[in-house]
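The structure file structure.json is reproduced below (JSON, C-alpha atoms).
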```
[["chain", "number", "residue", "atom", "x", "y", "z"],
["A", 1129, "MET", "CA", 0.00, 0.00, 0.00],
["A", 1130, "ILE", "CA", 1.33, 3.47, -0.94],
["A", 1131, "ARG", "CA", 1.03, 5.93, 1.89],
["A", 1132, "PRO", "CA", -0.55, 9.29, 0.83],
["A", 1133, "LEU", "CA", 2.55, 11.15, 1.97],
["A", 1134, "PHE", "CA", 4.67, 9.46, -0.69],
["A", 1135, "ALA", "CA", 2.12, 9.34, -3.53],
["A", 1136, "PRO", "CA", 3.09, 12.73, -5.08],
["A", 1137, "LEU", "CA", 6.78, 11.79, -4.93],
["A", 1138, "LEU", "CA", 6.11, 8.46, -6.62],
["A", 1139, "ALA", "CA", 4.02, 10.14, -9.32],
["A", 1140, "GLY", "CA", 6.87, 12.55, -10.03],
["A", 1141, "ILE", "CA", 9.35, 9.69, -10.30],
["A", 1142, "VAL", "CA", 7.09, 7.82, -12.75],
["A", 1143, "LEU", "CA", 6.69, 10.92, -14.94],
["A", 1144, "ALA", "CA", 10.44, 11.54, -14.91],
["A", 1145, "CYS", "CA", 11.13, 7.94, -15.89],
["A", 1146, "VAL", "CA", 8.68, 8.16, -18.79],
["A", 1147, "ALA", "CA", 10.31, 11.36, -20.04],
["A", 1148, "THR", "CA", 13.77, 9.80, -19.78],
["A", 1149, "SER", "CA", 12.61, 6.69, -21.63],
["A", 1150, "ALA", "CA", 11.08, 8.76, -24.45],
["A", 1151, "ALA", "CA", 14.21, 10.88, -24.73],
["A", 1152, "GLN", "CA", 16.45, 7.81, -24.85],
["A", 1153, "ALA", "CA", 14.30, 6.20, -27.54],
["A", 1154, "GLY", "CA", 15.32, 8.92, -29.95],
["A", 1155, "PRO", "CA", 14.16, 10.20, -33.34],
["A", 1156, "ALA", "CA", 14.34, 6.82, -35.10],
["A", 1157, "ASP", "CA", 11.84, 5.35, -32.66],
["A", 1158, "THR", "CA", 9.61, 8.42, -33.02],
["A", 1159, "MET", "CA", 9.52, 8.07, -36.81],
["A", 1160, "ARG", "CA", 8.71, 4.37, -36.43],
["A", 1161, "ARG", "CA", 5.88, 5.15, -34.03],
["A", 1162, "ILE", "CA", 4.41, 7.81, -36.31],
["A", 1163, "ALA", "CA", 4.23, 5.26, -39.10],
["A", 1164, "ASP", "CA", 2.78, 2.59, -36.79],
["A", 1165, "PRO", "CA", -1.04, 2.77, -36.36],
["A", 1166, "ASN", "CA", -0.48, 1.38, -32.85],
["A", 1167, "GLY", "CA", 2.34, 3.80, -32.08],
["A", 1168, "GLY", "CA", 0.45, 5.77, -29.44],
["A", 1169, "ILE", "CA", 0.12, 9.52, -28.94],
["A", 1170, "ILE", "CA", 2.99, 11.65, -30.26],
["A", 1171, "ALA", "CA", 3.58, 14.98, -28.49],
["A", 1172, "ILE", "CA", 4.51, 17.91, -30.76],
["A", 1173, "ALA", "CA", 5.77, 21.08, -29.07],
["A", 1174, "HIS", "CA", 4.73, 24.25, -30.90],
["A", 1175, "ARG", "CA", 7.87, 26.34, -31.46],
["A", 1176, "GLY", "CA", 9.61, 24.13, -28.95],
["A", 1177, "CYS", "CA", 9.08, 23.75, -25.21],
["A", 1178, "HIS", "CA", 9.09, 27.46, -24.39],
["A", 1179, "ALA", "CA", 6.26, 27.47, -21.83],
["A", 1180, "ALA", "CA", 6.90, 26.84, -18.15],
["A", 1181, "ALA", "CA", 6.63, 23.32, -16.74],
["A", 1182, "PRO", "CA", 5.92, 24.19, -13.09],
["A", 1183, "ARG", "CA", 5.28, 20.62, -11.93],
["A", 1184, "ARG", "CA", 8.83, 19.87, -13.00],
["A", 1185, "GLY", "CA", 10.24, 23.10, -11.58],
["A", 1186, "LEU", "CA", 11.05, 24.55, -15.01],
["A", 1187, "GLY", "CA", 10.49, 28.14, -16.12],
["A", 1188, "THR", "CA", 10.07, 29.66, -19.54],
["A", 1189, "VAL", "CA", 12.62, 29.84, -22.37],
["A", 1190, "PRO", "CA", 12.43, 31.61, -25.75],
["A", 1191, "GLU", "CA", 10.42, 30.00, -28.53],
["A", 1192, "ASN", "CA", 12.32, 28.44, -31.47],
["A", 1193, "SER", "CA", 15.56, 28.53, -29.46],
["A", 1194, "ARG", "CA", 18.29, 26.05, -28.65],
["A", 1195, "ALA", "CA", 17.03, 26.11, -25.06],
["A", 1196, "ALA", "CA", 13.50, 25.24, -26.23],
["A", 1197, "LEU", "CA", 14.85, 22.21, -28.09],
["A", 1198, "LEU", "CA", 16.93, 21.00, -25.15],
["A", 1199, "ARG", "CA", 13.93, 21.46, -22.85],
["A", 1200, "CYS", "CA", 11.83, 19.27, -25.16],
["A", 1201, "ALA", "CA", 14.49, 16.57, -25.09],
["A", 1202, "GLU", "CA", 14.64, 16.81, -21.29],
["A", 1203, "LEU", "CA", 10.87, 16.41, -20.99],
["A", 1204, "GLY", "CA", 10.68, 13.52, -23.44],
["A", 1205, "VAL", "CA", 8.75, 15.29, -26.21],
["A", 1206, "GLU", "CA", 9.04, 13.47, -29.53],
["A", 1207, "VAL", "CA", 8.67, 16.31, -32.06],
["A", 1208, "MET", "CA", 9.54, 20.02, -32.00],
["A", 1209, "GLU", "CA", 7.71, 22.20, -34.50],
["A", 1210, "THR", "CA", 9.87, 25.15, -35.55],
["A", 1211, "ASP", "CA", 9.89, 27.86, -38.20],
["A", 1212, "VAL", "CA", 12.39, 28.66, -40.96],
["A", 1213, "ARG", "CA", 13.03, 31.95, -42.74],
["A", 1214, "ARG", "CA", 15.85, 33.34, -44.91],
["A", 1215, "THR", "CA", 18.05, 36.33, -44.09],
["A", 1216, "ARG", "CA", 19.06, 39.03, -46.53],
["A", 1217, "ASP", "CA", 22.36, 37.27, -47.17],
["A", 1218, "GLY", "CA", 20.80, 33.84, -47.72],
["A", 1219, "TYR", "CA", 21.13, 32.09, -44.36],
["A", 1220, "LEU", "CA", 18.28, 30.01, -42.95],
["A", 1221, "VAL", "CA", 17.24, 31.04, -39.44],
["A", 1222, "MET", "CA", 14.59, 29.94, -36.96],
["A", 1223, "VAL", "CA", 12.10, 32.81, -36.69],
["A", 1224, "HIS", "CA", 8.31, 32.54, -36.86],
["A", 1225, "ASP", "CA", 7.26, 36.09, -37.81],
["A", 1226, "ASP", "CA", 8.40, 37.94, -40.90],
["A", 1227, "SER", "CA", 10.09, 40.41, -38.52],
["A", 1228, "VAL", "CA", 12.20, 40.04, -35.37],
["A", 1229, "ASP", "CA", 10.16, 42.64, -33.48],
["A", 1230, "ARG", "CA", 8.15, 40.28, -31.26],
["A", 1231, "THR", "CA", 10.76, 37.65, -30.47],
["A", 1232, "THR", "CA", 13.96, 39.72, -30.04],
["A", 1233, "ASP", "CA", 15.18, 43.01, -28.60],
["A", 1234, "GLY", "CA", 15.61, 44.34, -32.14],
["A", 1235, "THR", "CA", 13.44, 45.40, -35.04],
["A", 1236, "GLY", "CA", 13.25, 44.77, -38.77],
["A", 1237, "ARG", "CA", 12.13, 42.22, -41.32],
["A", 1238, "VAL", "CA", 14.13, 38.99, -41.37],
["A", 1239, "ALA", "CA", 14.50, 39.27, -45.15],
["A", 1240, "ASP", "CA", 16.08, 42.73, -44.77],
["A", 1241, "LEU", "CA", 18.61, 41.73, -42.08],
["A", 1242, "THR", "CA", 21.90, 39.91, -42.47],
["A", 1243, "LEU", "CA", 22.81, 36.93, -40.35],
["A", 1244, "ALA", "CA", 25.32, 39.05, -38.42],
["A", 1245, "GLN", "CA", 22.64, 41.63, -37.62],
["A", 1246, "ILE", "CA", 20.24, 38.94, -36.40],
["A", 1247, "ARG", "CA", 23.00, 37.26, -34.39],
["A", 1248, "ALA", "CA", 23.53, 40.51, -32.49],
["A", 1249, "LEU", "CA", 19.98, 40.37, -31.15],
["A", 1250, "ARG", "CA", 18.83, 38.64, -27.98],
["A", 1251, "LEU", "CA", 15.75, 36.43, -27.96],
["A", 1252, "ARG", "CA", 12.97, 37.54, -25.63],
["A", 1253, "ASP", "CA", 11.64, 35.02, -23.13],
["A", 1254, "ASP", "CA", 8.79, 32.62, -23.93],
["A", 1255, "GLU", "CA", 6.58, 33.96, -26.76],
["A", 1256, "GLY", "CA", 8.24, 37.37, -26.69],
["A", 1257, "GLY", "CA", 6.51, 40.71, -26.91],
["A", 1258, "ALA", "CA", 7.50, 44.08, -25.50],
["A", 1259, "GLY", "CA", 6.93, 42.92, -21.92],
["A", 1260, "ALA", "CA", 9.13, 39.82, -22.21],
["A", 1261, "ALA", "CA", 12.67, 40.14, -20.92],
["A", 1262, "PRO", "CA", 15.61, 39.63, -23.29],
["A", 1263, "THR", "CA", 17.61, 36.50, -22.53],
["A", 1264, "GLY", "CA", 21.07, 35.19, -23.32],
["A", 1265, "GLU", "CA", 19.67, 33.08, -26.18],
["A", 1266, "ARG", "CA", 20.36, 34.04, -29.80],
["A", 1267, "VAL", "CA", 18.45, 33.17, -32.98],
["A", 1268, "PRO", "CA", 19.78, 29.78, -34.17],
["A", 1269, "THR", "CA", 20.36, 28.85, -37.79],
["A", 1270, "LEU", "CA", 18.71, 25.80, -39.31],
["A", 1271, "ASP", "CA", 22.11, 24.11, -39.55],
["A", 1272, "GLU", "CA", 22.68, 24.61, -35.82],
["A", 1273, "LEU", "CA", 19.26, 23.33, -34.82],
["A", 1274, "LEU", "CA", 19.59, 20.26, -37.04],
["A", 1275, "ALA", "CA", 22.92, 19.47, -35.40],
["A", 1276, "LEU", "CA", 21.53, 20.01, -31.89],
["A", 1277, "ALA", "CA", 18.51, 17.81, -32.60],
["A", 1278, "ARG", "CA", 20.62, 14.82, -33.67],
["A", 1279, "GLY", "CA", 19.89, 11.88, -31.38],
["A", 1280, "ARG", "CA", 17.45, 14.00, -29.37],
["A", 1281, "ILE", "CA", 14.25, 14.89, -31.22],
["A", 1282, "VAL", "CA", 12.44, 15.00, -34.56],
["A", 1283, "LEU", "CA", 12.10, 18.48, -36.06],
["A", 1284, "ASN", "CA", 8.94, 19.54, -37.88],
["A", 1285, "LEU", "CA", 10.04, 22.34, -40.19],
["A", 1286, "ASP", "CA", 7.39, 24.96, -40.93],
["A", 1287, "VAL", "CA", 8.90, 26.77, -43.92],
["A", 1288, "LYS", "CA", 7.73, 30.38, -43.91],
["A", 1289, "ASP", "CA", 9.32, 31.66, -47.12],
["A", 1290, "ALA", "CA", 9.44, 30.18, -50.65],
["A", 1291, "ILE", "CA", 12.65, 28.36, -49.76],
["A", 1292, "TYR", "CA", 11.63, 24.71, -49.65],
["A", 1293, "GLY", "CA", 14.49, 23.61, -51.91],
["A", 1294, "GLU", "CA", 17.07, 25.37, -49.73],
["A", 1295, "VAL", "CA", 15.57, 23.93, -46.54],
["A", 1296, "VAL", "CA", 15.50, 20.38, -47.89],
["A", 1297, "ASP", "CA", 19.08, 20.77, -49.15],
["A", 1298, "ALA", "CA", 20.18, 21.80, -45.65],
["A", 1299, "VAL", "CA", 18.43, 18.75, -44.21],
["A", 1300, "VAL", "CA", 20.17, 16.47, -46.70],
["A", 1301, "ARG", "CA", 23.58, 18.05, -46.02],
["A", 1302, "ALA", "CA", 23.05, 17.52, -42.29],
["A", 1303, "GLY", "CA", 22.23, 13.85, -42.80],
["A", 1304, "ALA", "CA", 18.87, 14.53, -41.16],
["A", 1305, "THR", "CA", 16.42, 13.10, -43.71],
["A", 1306, "ASP", "CA", 15.41, 10.39, -41.23],
["A", 1307, "ARG", "CA", 14.59, 12.84, -38.41],
["A", 1308, "VAL", "CA", 12.64, 15.74, -39.86],
["A", 1309, "ILE", "CA", 9.13, 16.32, -41.19],
["A", 1310, "VAL", "CA", 8.58, 19.02, -43.81],
["A", 1311, "LYS", "CA", 5.06, 20.26, -44.49],
["A", 1312, "THR", "CA", 3.19, 22.53, -46.88],
["A", 1313, "PHE", "CA", -0.36, 23.24, -47.99],
["A", 1314, "ALA", "CA", -2.32, 21.13, -50.48],
["A", 1315, "GLY", "CA", -5.72, 21.81, -52.02],
["A", 1316, "ILE", "CA", -8.14, 19.62, -53.93],
["A", 1317, "GLY", "CA", -6.34, 20.52, -57.17],
["A", 1318, "SER", "CA", -2.83, 19.85, -55.84],
["A", 1319, "PRO", "CA", -0.94, 16.82, -57.17],
["A", 1320, "PRO", "CA", 0.44, 14.27, -54.67],
["A", 1321, "LEU", "CA", 3.22, 16.42, -53.25],
["A", 1322, "ALA", "CA", 5.10, 13.70, -51.34],
["A", 1323, "ALA", "CA", 6.23, 12.30, -54.69],
["A", 1324, "MET", "CA", 7.43, 15.65, -56.06],
["A", 1325, "SER", "CA", 10.76, 17.43, -55.64],
["A", 1326, "PRO", "CA", 11.89, 18.63, -53.17],
["A", 1327, "TYR", "CA", 9.34, 16.94, -50.87],
["A", 1328, "ASP", "CA", 10.31, 13.47, -52.09],
["A", 1329, "ARG", "CA", 13.68, 13.78, -50.34],
["A", 1330, "VAL", "CA", 12.29, 14.06, -46.80],
["A", 1331, "PRO", "CA", 9.38, 12.77, -44.69],
["A", 1332, "PHE", "CA", 6.48, 14.96, -45.75],
["A", 1333, "ALA", "CA", 3.11, 16.02, -44.29],
["A", 1334, "PRO", "CA", 0.50, 17.90, -46.33],
["A", 1335, "ILE", "CA", -1.85, 20.43, -44.72],
["A", 1336, "PRO", "CA", -5.19, 20.39, -46.57],
["A", 1337, "ILE", "CA", -6.58, 23.82, -47.45],
["A", 1338, "THR", "CA", -10.26, 24.23, -48.10],
["A", 1339, "GLY", "CA", -12.71, 26.97, -48.91],
["A", 1340, "ASP", "CA", -15.59, 24.90, -47.56],
["A", 1341, "PRO", "CA", -16.62, 25.97, -44.02],
["A", 1342, "ALA", "CA", -17.65, 22.36, -43.40],
["A", 1343, "ALA", "CA", -14.28, 21.09, -44.69],
["A", 1344, "GLY", "CA", -16.18, 18.57, -46.76],
["A", 1345, "ASP", "CA", -13.40, 18.21, -49.32],
["A", 1346, "VAL", "CA", -10.63, 17.43, -46.79],
["A", 1347, "PRO", "CA", -11.09, 13.62, -47.05],
["A", 1348, "ALA", "CA", -10.74, 13.87, -50.86],
["A", 1349, "ILE", "CA", -7.59, 15.98, -50.47],
["A", 1350, "ILE", "CA", -6.13, 13.36, -48.15],
["A", 1351, "ARG", "CA", -6.92, 10.56, -50.59],
["A", 1352, "ARG", "CA", -5.34, 12.51, -53.46],
["A", 1353, "GLN", "CA", -2.21, 13.27, -51.46],
["A", 1354, "ALA", "CA", -1.90, 9.56, -50.64],
["A", 1355, "ALA", "CA", -2.30, 8.48, -54.28],
["A", 1356, "GLY", "CA", 1.27, 9.15, -55.45],
["A", 1357, "ARG", "CA", 4.17, 6.74, -55.68],
["A", 1358, "ARG", "CA", 5.33, 8.03, -52.27],
["A", 1359, "ARG", "CA", 3.01, 8.37, -49.30],
["A", 1360, "PRO", "CA", 3.04, 11.23, -46.77],
["A", 1361, "ILE", "CA", 4.09, 10.28, -43.25],
["A", 1362, "ALA", "CA", 1.19, 12.27, -41.74],
["A", 1363, "VAL", "CA", -1.54, 14.77, -42.55],
["A", 1364, "GLU", "CA", -1.92, 17.94, -40.48],
["A", 1365, "LEU", "CA", -5.61, 18.79, -40.44],
["A", 1366, "PRO", "CA", -6.72, 22.39, -40.99],
["A", 1367, "ARG", "CA", -9.33, 24.15, -38.91],
["A", 1368, "LEU", "CA", -12.53, 22.18, -39.27],
["A", 1369, "PRO", "CA", -15.82, 21.49, -37.47],
["A", 1370, "LEU", "CA", -15.95, 18.60, -35.02],
["A", 1371, "ALA", "CA", -18.56, 16.92, -37.21],
["A", 1372, "SER", "CA", -16.05, 16.77, -40.08],
["A", 1373, "LEU", "CA", -13.30, 15.10, -38.07],
["A", 1374, "PRO", "CA", -14.42, 11.43, -38.40],
["A", 1375, "ALA", "CA", -14.47, 11.46, -42.21],
["A", 1376, "SER", "CA", -11.02, 13.04, -42.39],
["A", 1377, "VAL", "CA", -9.57, 10.54, -39.91],
["A", 1378, "ALA", "CA", -11.19, 7.66, -41.80],
["A", 1379, "ALA", "CA", -9.64, 8.81, -45.10],
["A", 1380, "ALA", "CA", -6.21, 9.06, -43.50],
["A", 1381, "ARG", "CA", -6.53, 5.67, -41.79],
["A", 1382, "GLN", "CA", -7.53, 4.02, -45.07],
["A", 1383, "ALA", "CA", -4.44, 5.56, -46.67],
["A", 1384, "GLY", "CA", -2.20, 4.46, -43.79],
["A", 1385, "ILE", "CA", -1.35, 8.04, -42.80],
["A", 1386, "ALA", "CA", -1.16, 9.35, -39.22],
["A", 1387, "VAL", "CA", -3.49, 12.24, -38.31],
["A", 1388, "TRP", "CA", -2.12, 15.42, -36.72],
["A", 1389, "VAL", "CA", -4.32, 17.99, -34.97],
["A", 1390, "ASN", "CA", -3.39, 21.31, -33.34],
["A", 1391, "THR", "CA", -4.97, 22.26, -30.02],
["A", 1392, "LEU", "CA", -3.21, 25.62, -30.17],
["A", 1393, "PHE", "CA", -5.09, 28.77, -29.23],
["A", 1394, "GLU", "CA", -8.84, 28.02, -29.38],
["A", 1395, "GLY", "CA", -8.15, 24.67, -31.03],
["A", 1396, "PHE", "CA", -8.30, 23.69, -34.70],
["A", 1397, "VAL", "CA", -11.33, 21.42, -34.23],
["A", 1398, "ALA", "CA", -14.19, 23.86, -33.71],
["A", 1399, "GLY", "CA", -16.43, 22.97, -30.81],
["A", 1400, "LEU", "CA", -13.80, 20.90, -29.01],
["A", 1401, "GLY", "CA", -11.60, 23.56, -27.41],
["A", 1402, "GLY", "CA", -7.93, 24.39, -27.43],
["A", 1403, "ASP", "CA", -5.00, 24.26, -25.03],
["A", 1404, "ALA", "CA", -6.73, 26.17, -22.23],
["A", 1405, "ALA", "CA", -9.73, 23.83, -22.31],
["A", 1406, "ALA", "CA", -7.45, 20.80, -22.58],
["A", 1407, "THR", "CA", -5.46, 21.87, -19.53],
["A", 1408, "ARG", "CA", -8.68, 22.15, -17.51],
["A", 1409, "ASP", "CA", -10.24, 18.92, -18.84],
["A", 1410, "PRO", "CA", -7.75, 16.92, -20.92],
["A", 1411, "ASP", "CA", -10.11, 13.99, -21.46],
["A", 1412, "ALA", "CA", -12.64, 16.29, -23.10],
["A", 1413, "VAL", "CA", -10.12, 17.58, -25.64],
["A", 1414, "TRP", "CA", -7.04, 15.37, -26.02],
["A", 1415, "GLY", "CA", -8.97, 12.29, -24.93],
["A", 1416, "ARG", "CA", -11.73, 12.95, -27.46],
["A", 1417, "LEU", "CA", -9.15, 13.42, -30.23],
["A", 1418, "ALA", "CA", -7.37, 10.20, -29.27],
["A", 1419, "ASN", "CA", -10.64, 8.28, -29.18],
["A", 1420, "ASP", "CA", -11.44, 9.61, -32.66],
["A", 1421, "GLY", "CA", -8.14, 8.30, -34.03],
["A", 1422, "VAL", "CA", -5.85, 11.34, -33.77],
["A", 1423, "ARG", "CA", -2.33, 10.36, -32.67],
["A", 1424, "LEU", "CA", -0.20, 13.46, -33.32],
["A", 1425, "ILE", "CA", -1.12, 16.41, -31.09],
["A", 1426, "GLN", "CA", 0.58, 19.80, -31.34],
["A", 1427, "THR", "CA", 0.32, 22.06, -28.32],
["A", 1428, "ASP", "CA", 1.85, 24.89, -26.33],
["A", 1429, "ALA", "CA", 0.66, 23.18, -23.11],
["A", 1430, "VAL", "CA", 3.38, 20.55, -23.31],
["A", 1431, "GLU", "CA", 3.62, 19.59, -19.64],
["A", 1432, "ALA", "CA", -0.15, 19.09, -19.32],
["A", 1433, "LEU", "CA", -0.22, 16.90, -22.45],
["A", 1434, "LEU", "CA", 2.64, 14.75, -21.19],
["A", 1435, "ASP", "CA", 1.00, 14.31, -17.80],
["A", 1436, "TRP", "CA", -2.34, 13.36, -19.35],
["A", 1437, "ARG", "CA", -0.68, 10.96, -21.77],
["A", 1438, "GLN", "CA", 1.15, 9.16, -19.00],
["A", 1439, "THR", "CA", -1.95, 8.97, -16.80],
["A", 1440, "HIS", "CA", -3.86, 7.33, -19.63],
["A", 1441, "GLY", "CA", -1.05, 4.94, -20.60],
["A", 1442, "ARG", "CA", -0.68, 6.41, -24.07],
["A", 1443, "ALA", "CA", 2.97, 7.43, -23.84],
["A", 1444, "ARG", "CA", 4.38, 4.47, -25.68],
["A", 1445, "ARG", "CA", 3.38, 0.99, -26.83]]
```
Will you turn the file into structure tokens for me?
Amino acid sequence: MIRPLFAPLLAGIVLACVATSAAQAGPADTMRRIADPNGGIIAIAHRGCHAAAPRRGLGTVPENSRAALLRCAELGVEVMETDVRRTRDGYLVMVHDDSVDRTTDGTGRVADLTLAQIRALRLRDDEGGAGAAPTGERVPTLDELLALARGRIVLNLDVKDAIYGEVVDAVVRAGATDRVIVKTFAGIGSPPLAAMSPYDRVPFAPIPITGDPAAGDVPAIIRRQAAGRRRPIAVELPRLPLASLPASVAAARQAGIAVWVNTLFEGFVAGLGGDAAATRDPDAVWGRLANDGVRLIQTDAVEALLDWRQTHGRARR
């Protein structure tokens, strides 16, 4: 019998062991699990693990930073979503916005600044903004983040400029084609992108785009994207009504593709709720998604997702 006094300590030890196990498994195991229909829930950290993890005694770090990647690896997160842009002198850097105003102590459009100018800036804490303190972290390049992620975590590269060829080339040069996921948008008229250059050189995930408020064409987009000689590793669903989720999941399952849903902000599945709702009642949001066949969940509430996943035995199979 576990005495109540020691129950919280034991729970903390269990969670720490799960995080360590996930971190030790590494990117190869994550990619295997994504491809495996029985691979369990995959945690995707939006712009890295920048938010505080108070139950683990961890504070905030800047988004899209080296510290955010190392924090994810420490927690046992499988995938870090991060953003790529190009500087004025042609370097690829990890910045979400088209300017550095929100995330650093400087100003200016990324495309108008050189790498040296961006390197001179300090990243602001967490999600940035004028009220966020500058830190000792600097904007990393894609090459640096790929090197840091080796053996630690899968990177999901959200390419913000028309630089897909350059991004994929950097991934190939880094020997990272087995530990990244590149994504872009696909409509009903788009050909199967996973079979086209440069997407055929890396694991690829389409994001369906639809003009239908009911997202009625998303299942057809998924089927078309799966019809090429090379299959996507996952499909990241767009914003859609809850009633449209089952048909989209069914199309992806039939194609053998994992389904990815964002619970960021108010949530991408209308009527279900986002991160705030999931933190209050994880079964009602993350649990509902899991029961409906969603296995890849992207969130800013990383600690809460990890805790819920462990409680429900979905961390790893």
Do a neighbour search on region 1280-1289 of chain A at 6 Å with all atoms listed in the file, toss out local chain neighbours closer than 4 positions, and write the hits as an mmCIF file with C-alpha atoms, in the coordinates of the input.
```cif
data_model
loop_
_atom_site.group_PDB
_atom_site.id
_atom_site.type_symbol
_atom_site.label_atom_id
_atom_site.label_comp_id
_atom_site.auth_asym_id
_atom_site.auth_seq_id
_atom_site.Cartn_x
_atom_site.Cartn_y
_atom_site.Cartn_z
ATOM 1 C CA GLY A 1154 15.320 8.920 -29.950
ATOM 2 C CA PRO A 1155 14.160 10.200 -33.340
ATOM 3 C CA ALA A 1201 14.490 16.570 -25.090
ATOM 4 C CA GLU A 1206 9.040 13.470 -29.530
ATOM 5 C CA VAL A 1207 8.670 16.310 -32.060
ATOM 6 C CA MET A 1208 9.540 20.020 -32.000
ATOM 7 C CA GLU A 1209 7.710 22.200 -34.500
ATOM 8 C CA THR A 1210 9.870 25.150 -35.550
ATOM 9 C CA ASP A 1211 9.890 27.860 -38.200
ATOM 10 C CA VAL A 1212 12.390 28.660 -40.960
ATOM 11 C CA ARG A 1213 13.030 31.950 -42.740
ATOM 12 C CA ARG A 1307 14.590 12.840 -38.410
ATOM 13 C CA VAL A 1308 12.640 15.740 -39.860
ATOM 14 C CA ILE A 1309 9.130 16.320 -41.190
ATOM 15 C CA VAL A 1310 8.580 19.020 -43.810
#
```
With 12 Å as the cut-off and only C-alpha atoms counted, what is the closest atom pair between each nearby residue of region 1341-1373 of chain A and region 1325-1332 of chain A? Distances in Å to one decimal, ordered by chain and number, as JSON lines.
```
{"residue": "A:Gln1353", "atom": "CA", "partner": "A:Phe1332", "partner_atom": "CA", "distance": 10.5}
{"residue": "A:Ala1354", "atom": "CA", "partner": "A:Phe1332", "partner_atom": "CA", "distance": 11.1}
{"residue": "A:Gly1356", "atom": "CA", "partner": "A:Asp1328", "partner_atom": "CA", "distance": 10.6}
{"residue": "A:Arg1357", "atom": "CA", "partner": "A:Asp1328", "partner_atom": "CA", "distance": 9.8}
{"residue": "A:Arg1358", "atom": "CA", "partner": "A:Asp1328", "partner_atom": "CA", "distance": 7.4}
{"residue": "A:Arg1359", "atom": "CA", "partner": "A:Phe1332", "partner_atom": "CA", "distance": 8.3}
{"residue": "A:Pro1360", "atom": "CA", "partner": "A:Phe1332", "partner_atom": "CA", "distance": 5.2}
{"residue": "A:Ile1361", "atom": "CA", "partner": "A:Phe1332", "partner_atom": "CA", "distance": 5.8}
{"residue": "A:Ala1362", "atom": "CA", "partner": "A:Phe1332", "partner_atom": "CA", "distance": 7.2}
{"residue": "A:Val1363", "atom": "CA", "partner": "A:Phe1332", "partner_atom": "CA", "distance": 8.6}
{"residue": "A:Glu1364", "atom": "CA", "partner": "A:Phe1332", "partner_atom": "CA", "distance": 10.4}
```
Write out as JSON lines a residue-level contact list of region 1249-1366 of chain A versus region 1377-1381 of chain A with cut-off 7 Å: for each qualifying residue the closest pair of atoms and the distance in Å to one decimal, counting all atoms listed in the file, rows sorted by chain and residue number upward.
```
{"residue": "A:Pro1347", "atom": "CA", "partner": "A:Ala1379", "partner_atom": "CA", "distance": 5.4}
{"residue": "A:Ile1350", "atom": "CA", "partner": "A:Ala1380", "partner_atom": "CA", "distance": 6.3}
{"residue": "A:Arg1351", "atom": "CA", "partner": "A:Ala1379", "partner_atom": "CA", "distance": 6.4}
```
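Between Ala1195 (chain A) and the candidates A:Ile1335, A:Leu1370, A:Leu1276, A:Ile1172, the tightest atom-to-atom separation, counting only C-alpha atoms, involves A:Leu1276.
Within 7 Å of region 1256-1261 of chain A, once all atoms listed in the file are used and residues closer than 3 positions along the same chain are dropped, the contacting residues are Arg1230, Thr1231, Arg1252 and Asp1253 of chain A.
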Take the residues just selected and output them with C-alpha atoms as a CSV table (one decimal), in the frame of the given file.
```
chain,number,residue,atom,x,y,z
A,1230,ARG,CA,8.2,40.3,-31.3
A,1231,THR,CA,10.8,37.6,-30.5
A,1252,ARG,CA,13.0,37.5,-25.6
A,1253,ASP,CA,11.6,35.0,-23.1
```
